[in-house]
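A.B. asks: For reference, the structure I am asking about is given below.
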Amino acid sequence: MREDRETSGRTWVPMGRALAASTRLPWPVAGALTAAWIAGAWLATLAAGGSRTVLPHLFYVPVILAASRFGWRGATLTAVAAGLVAGPLTPVDVASWTPQPVLNWMGRLVAFLVVGNLVAWLTAESHWSVVQRVHDVRVSASIQRALARGELWVAYQPVVELDSGRVRSFEALCRWTHPQRGPVPPAEFIPAAERTPVIHRVGAFVLRTALARLAEMLRDDDRLVMSVNVSAAQLTDPGFVATVRRALWEADVPAPRLCLELTETAILADVPAAVRQLKALRALGVLIALDDFGAGESSLAYLHQFDVDIVKVDRSFVAAAPGNPKSTRMVNGIVKLATSLGAVALAEGIETDAERDVLRAAGCHLGQGYLLGRPEDGAAAAQRVTAQRSAGGEGRLTRAARPSGPVDPPRGSRR
Ligand code: C2E
Ligand code: MG
Ligand code: MG
């Protein structure tokens, strides 16, 4: 069984950000540090016997520091100062005070200028969008390749009834096992994919794969529901409803067995378009869940604009609730709000018995989290459903009044 491991994958974008952040020193401190470093490097070179003995790379440090702290003007000034100090002011050989060849130190000065100004450009806030764009395009190309090579797969995390422990549904979570890097965390590649059109391909892949797996599971439990996460770009895509309809029809899965999870960010990207799409999706019969509820700033601002079936209580409330009366009251409030809107509350990220008990006491009957089941591969998830059937359990996560028949075929389709 594949494990849901996480790696600390890094890219040069966060590193660049860290550099920019680390150099938000007060200007007198940054200026003094730059000057002290140049002087220190010069003295170290002299003490060691000349510029042949100490790497001129020492002089790049103040250039980079000044570039990220003071921008291109500071970078140019420091590069010239470092170039002169590492050049005409430092003999090749201290014993004979032999001057450095002009071409050597001029070449180095030019390199300092180029590096300094490049760093200044890259760390300028106004250029982050360009840097991020380049990064996103690279990640997007890698995801396209990963899709073609079958490196993407879908993990399924069970959602269980807190009282009985029965599995009611699964959340499909995209996974990427890179041949060299190993598992790439979704928190790293999904946001980059969301900023490029590749998210449509990833979304369609997860939807198709999850529905195919669900079709198989429904043989053991015909009330099971599969939840799939939807990004802002997918939701506002005019063809999204048709894509969902086609996927349901191809997998031969009734619409109410599919739940689409949306975050506040996905809805806020274009509220009127999101509301229109959500109404069309509900008319199709699929369930709608509000993911990470309470984590954003304006969850309540739009909740009255459309109907939702499931409200997923954000992990931050779940984790804070045990032993904290205020957080417990918050959880109680969210569960009551969900219920009064005719939705079902579902607690995310339950990791301990204490969290589960607080949620149960608050009237929340559904939960998801490492305590109840980690994301697992499709075969393991299907096995879980078969075992549940053998043990005599059955699931139900649907509202009685929703349509439950098969989906109409998309126009011009043949099965
Ligand atoms: P999410 O939809 O809120 O998914 C729940 C996340 O919480 C998952 O992380 C899951 O592994 C993690 N989780 C579950 N139980 C626990 C727990 O007890 N403790 C802790 N600490 N974490 C728990 P994951 O799989 O890394 O996904 C992160 C986010 O990436 C998801 O958050 C979702 O927003 C996004 N994502 C994942 N797959 C897809 C996808 O196919 N499409 C889209 N659009 N987004 C996806
Ligand atoms: Mg989700
Ligand atoms: Mg969530």
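The way I read the labels, and the way they are meant: chains A, B, ... in the order of the structure tokens, residue 1 as the first residue of every chain, and ligand 1 as the first ligand shown, with later ones counted on from there.
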Output the neighbourhood of ligand 3 as a list in words, that is, all protein and nucleic acid residues with some atom at most 7 Å from the ligand, counting only C-alpha atoms and all ligand atoms.
C.D. replies: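 For ligand 3, the residues inside 7 Å are Asp291, Asp292, Lys312, Asp314 and Glu348 of chain A.
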A.B. asks: Atoms to include: C-alpha atoms. Write the selected residues as a PDB file, in the first residue's frame.
C.D. replies:
ATOM      1  CA  ASP A 291     -14.266  22.766   2.432  1.00  0.00           C
ATOM      2  CA  ASP A 292     -12.143  24.218   5.255  1.00  0.00           C
ATOM      3  CA  LYS A 312     -16.497  20.695   6.467  1.00  0.00           C
ATOM      4  CA  ASP A 314     -11.776  23.277   9.364  1.00  0.00           C
ATOM      5  CA  GLU A 348     -11.809  17.521   9.192  1.00  0.00           C
TER       6      GLU A 348
END
A.B. asks: Write out as a VMD selection string all residues of stretch 36-113 of chain A that backbone DSSP assigns to helix (DSSP H, G or I).
C.D. replies: chain A and resid 36 to 48 56 to 86 102 to 113
A.B. asks: At most 7 Å is the cut-off: for each residue in chain A with any atom that close to an atom of ligand 2, write down the nearest atom pair and the distance in Å rounded to one decimal, counting only C-alpha atoms and all ligand atoms, chain first then increasing number, as a Markdown table.
C.D. replies:
| residue | atom | partner | partner_atom_place_in_ligand_line | distance |
| --- | --- | --- | --- | --- |
| A:Glu171 | CA | ligand 2 | 1 (Mg) | 6.8 |
| A:Asn229 | CA | ligand 2 | 1 (Mg) | 5.2 |
| A:Glu261 | CA | ligand 2 | 1 (Mg) | 5.6 |
| A:Asp291 | CA | ligand 2 | 1 (Mg) | 5.5 |
A.B. asks: Write out as a list in words each polymer residue whose atoms come within 9 Å of A:Pro238, counting only C-alpha atoms; drop sequence neighbours fewer than 4 positions from it.
C.D. replies: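 Contacts, with the query itself left out: Gln234, Ala242, Ala273 and Gln277 of chain A.
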A.B. asks: I need the residues of stretch 251-405 of chain A that end up classed as strand (DSSP E or B) by DSSP on the backbone, written out as a PyMOL selection string.
C.D. replies: chain A and resi 258-262+287-293+310-313+344-347+366-367+376
A.B. asks: Produce a file of the selected residues containing N, CA and C atoms, as a PDB file, in the first residue's frame.
C.D. replies:
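Result written to selection-v2.pdb:
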ATOM      1  N   LEU A 258     -21.789  11.689  -6.077  1.00  0.00           N
ATOM      2  CA  LEU A 258     -20.592  12.538  -6.204  1.00  0.00           C
ATOM      3  C   LEU A 258     -20.787  13.801  -5.383  1.00  0.00           C
ATOM      4  N   CYS A 259     -19.727  14.178  -4.646  1.00  0.00           N
ATOM      5  CA  CYS A 259     -19.757  15.428  -3.889  1.00  0.00           C
ATOM      6  C   CYS A 259     -18.592  16.283  -4.371  1.00  0.00           C
ATOM      7  N   LEU A 260     -18.850  17.538  -4.657  1.00  0.00           N
ATOM      8  CA  LEU A 260     -17.770  18.426  -5.090  1.00  0.00           C
ATOM      9  C   LEU A 260     -17.404  19.342  -3.920  1.00  0.00           C
ATOM     10  N   GLU A 261     -16.131  19.348  -3.560  1.00  0.00           N
ATOM     11  CA  GLU A 261     -15.663  20.168  -2.429  1.00  0.00           C
ATOM     12  C   GLU A 261     -15.095  21.476  -2.941  1.00  0.00           C
ATOM     13  N   LEU A 262     -15.594  22.560  -2.386  1.00  0.00           N
ATOM     14  CA  LEU A 262     -15.125  23.883  -2.815  1.00  0.00           C
ATOM     15  C   LEU A 262     -14.620  24.651  -1.610  1.00  0.00           C
ATOM     16  N   LEU A 287     -23.752  16.528  -4.871  1.00  0.00           N
ATOM     17  CA  LEU A 287     -23.713  17.191  -3.565  1.00  0.00           C
ATOM     18  C   LEU A 287     -22.624  18.255  -3.593  1.00  0.00           C
ATOM     19  N   ILE A 288     -22.800  19.288  -2.792  1.00  0.00           N
ATOM     20  CA  ILE A 288     -21.790  20.349  -2.707  1.00  0.00           C
ATOM     21  C   ILE A 288     -21.324  20.445  -1.257  1.00  0.00           C
ATOM     22  N   ALA A 289     -19.998  20.428  -1.082  1.00  0.00           N
ATOM     23  CA  ALA A 289     -19.441  20.590   0.262  1.00  0.00           C
ATOM     24  C   ALA A 289     -18.613  21.867   0.311  1.00  0.00           C
ATOM     25  N   LEU A 290     -18.705  22.558   1.437  1.00  0.00           N
ATOM     26  CA  LEU A 290     -17.869  23.732   1.649  1.00  0.00           C
ATOM     27  C   LEU A 290     -16.663  23.274   2.453  1.00  0.00           C
ATOM     28  N   ASP A 291     -15.490  23.299   1.819  1.00  0.00           N
ATOM     29  CA  ASP A 291     -14.266  22.766   2.432  1.00  0.00           C
ATOM     30  C   ASP A 291     -13.650  23.809   3.367  1.00  0.00           C
ATOM     31  N   ASP A 292     -12.922  23.340   4.358  1.00  0.00           N
ATOM     32  CA  ASP A 292     -12.143  24.218   5.255  1.00  0.00           C
ATOM     33  C   ASP A 292     -12.998  25.351   5.814  1.00  0.00           C
ATOM     34  N   PHE A 293     -14.244  25.065   6.183  1.00  0.00           N
ATOM     35  CA  PHE A 293     -15.145  26.135   6.609  1.00  0.00           C
ATOM     36  C   PHE A 293     -14.624  26.808   7.882  1.00  0.00           C
ATOM     37  N   ILE A 310     -22.911  19.816   2.567  1.00  0.00           N
ATOM     38  CA  ILE A 310     -21.978  19.443   3.625  1.00  0.00           C
ATOM     39  C   ILE A 310     -21.115  20.650   3.973  1.00  0.00           C
ATOM     40  N   VAL A 311     -20.928  20.880   5.268  1.00  0.00           N
ATOM     41  CA  VAL A 311     -20.004  21.932   5.713  1.00  0.00           C
ATOM     42  C   VAL A 311     -18.857  21.226   6.418  1.00  0.00           C
ATOM     43  N   LYS A 312     -17.657  21.369   5.870  1.00  0.00           N
ATOM     44  CA  LYS A 312     -16.497  20.695   6.467  1.00  0.00           C
ATOM     45  C   LYS A 312     -15.828  21.638   7.465  1.00  0.00           C
ATOM     46  N   VAL A 313     -15.927  21.284   8.744  1.00  0.00           N
ATOM     47  CA  VAL A 313     -15.378  22.141   9.803  1.00  0.00           C
ATOM     48  C   VAL A 313     -13.853  22.079   9.714  1.00  0.00           C
ATOM     49  N   VAL A 344     -25.084  19.012   6.369  1.00  0.00           N
ATOM     50  CA  VAL A 344     -24.513  18.064   7.322  1.00  0.00           C
ATOM     51  C   VAL A 344     -23.122  18.582   7.694  1.00  0.00           C
ATOM     52  N   ALA A 345     -22.786  18.586   8.992  1.00  0.00           N
ATOM     53  CA  ALA A 345     -21.446  19.024   9.402  1.00  0.00           C
ATOM     54  C   ALA A 345     -20.488  17.839   9.362  1.00  0.00           C
ATOM     55  N   LEU A 346     -19.287  18.092   8.896  1.00  0.00           N
ATOM     56  CA  LEU A 346     -18.268  17.039   8.803  1.00  0.00           C
ATOM     57  C   LEU A 346     -16.961  17.633   9.336  1.00  0.00           C
ATOM     58  N   ALA A 347     -16.392  17.001  10.365  1.00  0.00           N
ATOM     59  CA  ALA A 347     -15.175  17.563  10.969  1.00  0.00           C
ATOM     60  C   ALA A 347     -13.932  17.016  10.276  1.00  0.00           C
ATOM     61  N   LEU A 366     -20.212  13.249  11.461  1.00  0.00           N
ATOM     62  CA  LEU A 366     -19.272  12.721  10.459  1.00  0.00           C
ATOM     63  C   LEU A 366     -17.881  13.298  10.676  1.00  0.00           C
ATOM     64  N   GLY A 367     -16.870  12.478  10.457  1.00  0.00           N
ATOM     65  CA  GLY A 367     -15.507  12.958  10.655  1.00  0.00           C
ATOM     66  C   GLY A 367     -14.520  12.319   9.704  1.00  0.00           C
ATOM     67  N   GLU A 376      -5.404   6.473   1.490  1.00  0.00           N
ATOM     68  CA  GLU A 376      -4.820   5.187   1.083  1.00  0.00           C
ATOM     69  C   GLU A 376      -5.085   4.984  -0.404  1.00  0.00           C
TER      70      GLU A 376
END
A.B. asks: Please list as a ChimeraX atom specification every residue within 10 Å of stretch 172-183 of chain A, counting only C-alpha atoms and excluding residues in the same chain fewer than 6 positions away.
C.D. replies: /A:2-9,142-143,146-147,150-158,189-190,202-203,205-207,209-211,213,226-229,375-378
A.B. asks: Could those residues be written to a file, using C-alpha atoms, as a compact mmCIF listing (two decimals), in the first residue's frame?
C.D. replies:
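Okay, out_35.txt is ready:
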# COMPACT_ATOMS: atom_id res chain seq x y z
CA ARG A 2 1.31 3.43 -0.88
CA GLU A 3 1.78 5.73 2.05
CA ASP A 4 0.72 9.37 2.22
CA ARG A 5 4.17 10.62 3.01
CA GLU A 6 5.34 14.19 2.80
CA THR A 7 8.72 15.51 1.66
CA SER A 8 10.25 18.89 2.31
CA GLY A 9 10.50 19.61 -1.43
CA SER A 142 6.38 18.71 -15.16
CA ILE A 143 2.77 17.92 -14.21
CA ALA A 146 3.77 13.31 -14.87
CA LEU A 147 0.23 12.80 -16.20
CA GLY A 150 1.30 7.87 -14.98
CA GLU A 151 3.11 9.43 -12.00
CA LEU A 152 -0.10 11.03 -10.72
CA TRP A 153 -2.49 8.84 -8.79
CA VAL A 154 -5.40 9.26 -6.45
CA ALA A 155 -5.49 8.47 -2.73
CA TYR A 156 -8.78 8.04 -0.86
CA GLN A 157 -9.38 9.14 2.72
CA PRO A 158 -12.43 7.65 4.46
CA PHE A 189 2.11 21.23 -6.77
CA ILE A 190 -1.66 21.92 -6.58
CA VAL A 202 -5.42 17.32 -13.23
CA GLY A 203 -9.02 17.93 -12.12
CA PHE A 205 -7.96 13.04 -14.21
CA VAL A 206 -8.91 12.95 -10.50
CA LEU A 207 -12.63 13.12 -11.30
CA THR A 209 -10.23 8.08 -11.67
CA ALA A 210 -12.27 8.64 -8.51
CA LEU A 211 -15.58 7.95 -10.27
CA ARG A 213 -13.16 3.60 -8.36
CA MET A 226 -17.04 10.16 -3.45
CA SER A 227 -15.80 13.71 -2.76
CA VAL A 228 -13.58 15.47 -5.26
CA ASN A 229 -11.87 18.83 -4.71
CA PRO A 375 -5.47 8.57 2.74
CA GLU A 376 -4.82 5.19 1.08
CA ASP A 377 -4.61 3.85 -2.45
CA GLY A 378 -7.69 2.75 -4.39
A.B. asks: When distances are computed from only C-alpha atoms and all ligand atoms, which of A:Arg356, A:Arg246, A:Lys326, A:Arg282 shows the smallest separation from ligand 1?
C.D. replies: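 Counting only C-alpha atoms and all ligand atoms, the residue closest to ligand 1 is A:Arg356.
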A.B. asks: Using only C-alpha atoms, which residue out of A:Val92, A:Leu372, A:Leu113, A:Ala67 lies closest to A:Ala79?
C.D. replies: A:Leu113
A.B. asks: What does the structure give for the distance between atom CA of A:Leu359 and atom CA of A:Val318, in Å to one decimal?
C.D. replies: 7.5 Å
A.B. asks: Between A:Lys279, A:Arg73, A:Arg195, A:Arg133, single out the one closest to ligand 1, counting only C-alpha atoms and all ligand atoms.
C.D. replies: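 The closest residue to ligand 1 is A:Arg195.
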A.B. asks: Find, counting only C-alpha atoms, the residue in A:Phe170, A:Trp27, A:Phe306, A:Phe112 that gets nearest to A:Val85.
C.D. replies: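 Using only C-alpha atoms, A:Val85 sits closest to A:Phe112.
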A.B. asks: Atom CA of A:Leu235 and atom CA of A:Asp309 are how many Å apart?
C.D. replies: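 Atom CA of A:Leu235 sits 17.0 Å away from atom CA of A:Asp309.
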A.B. asks: Closest to ligand 1 among A:Val167, A:Ala187, A:Val244, A:Met106, using only C-alpha atoms and all ligand atoms?
C.D. replies: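 Using only C-alpha atoms and all ligand atoms, ligand 1 sits closest to A:Ala187.
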